[in-house]
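Peer 1: Below you'll find the structure I mean.
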Amino acid sequence: MNVRAALAFGTPLREGIELIRQQGLGALVVLGYDRHDGKLFEGGHATDEPVTDEAIRRAALNDGATVLSPSLDRIARERTFLRPQAIVPAGAGGTRHLTAARCAAQTGRPVVAVSEERQAVTLYRGTERYLLLTALGLRAVIDDVMNALRAIHVQDAIVGDQARQGRLDEARGLLREVDGHLVELGAAGRIITSECATIASTLGLAWAPSDVAPFPIHTEKATTKIP
Ligand SMILES: Nc1ncnc2c1ncn2[C@@H]1O[C@H](COP(=O)(O)OP(=O)(O)OP(=O)(O)O)[C@@H](O)[C@H]1O
């Protein structure tokens, strides 16, 4: 699953999560499950509702977790209590966030926790976690990367051969970094994507928007031990 594409702005899932953040609600959303995860869920009820921004927001009004279908386009369960067994060290937040970290570590499936208290959205994936920025925050990060890339582009003609190699390596890194951000920004990132392609081709670098969409991940030092 390309989780950054699944959580791109403009998708019903991300728009629903952003509604939850904006309205100061909290949520726990499991992005897909399979039948082996059955023991993970307790209580709640099965539904088969399409994922819309409003359905995701509405589900967050209840206690417990929202579980999405494997294809992420249906809400499979609501108001579900999660009881993961994996042991991970307590990080930021209380039980909601610890549960999200433990579920992700146990199942390998991404889990999103929206903090009611901090209005922060955290994606847990495996033993890693990533802070999902607001659209404005993500744009600011992209602007910083693009400014650095544009500076290399503009100065390319005037740097000597020796310095050039280092600058090209830097440009490669910046292109790799911005790639994932642009996938997450969604349709609003298309113009910048073509600017990146132009800069890359002028600099003689092979670059195309990737499907891999890397995350700048803050790795948790988590064990995935199950007692
Ligand atoms: N194991 C769990 N399964 C499902 N939902 C849970 C579980 N643990 C916590 N929650 C949900 O998280 C809510 C908030 O719990 P808590 O305040 O302890 O978490 P938190 O991580 O501090 O979150 P926040 O930052 O939003 O306050 C609970 O009311 C419940 O809806």
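Chain identifiers are assigned as A, B, and so on, following the order in which chains appear in the structure tokens; residues are numbered from 1 within each chain, and ligands are numbered from 1 in order of appearance.
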Using only C-alpha atoms and all ligand atoms, which protein or nucleic acid residues are at most 8 Å from ligand 1, as an MDAnalysis selection string?
Peer 2: chainID A and resid 25:28 62:65 79:84 92:99 113:120
Peer 1: Taking the backbone alone, and naming residues the way the document does, which bits of segment 13-152 of chain A are helix (DSSP H, G or I) by DSSP, as number ranges by chain?
Peer 2: A: 13-22, 35-40, 53-59, 95-107, 135-152
Peer 1: My list of candidates is A:Ile56, A:Tyr33, A:Pro70, A:Ala46. Which is closest to Leu13 of chain A when distances are computed with only C-alpha atoms?
Peer 2: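 Using only C-alpha atoms, the shortest distance to Leu13 of chain A belongs to A:Ile56.
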Peer 1: Run DSSP on the backbone and give me the residues of segment 7-194 of chain A it puts in strand (DSSP E), as an NGL selection string.
Peer 2: :A and (27-30 or 41-42 or 45-50 or 65-68 or 74-82 or 111-114 or 121-125 or 128-132)
Peer 1: Restricting the calculation to only C-alpha atoms, which member of A:Ala76, A:Ala135, A:Val30, A:Val67 is positioned closest to Asp48 of chain A?
Peer 2: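 Closest candidate: A:Ala76.
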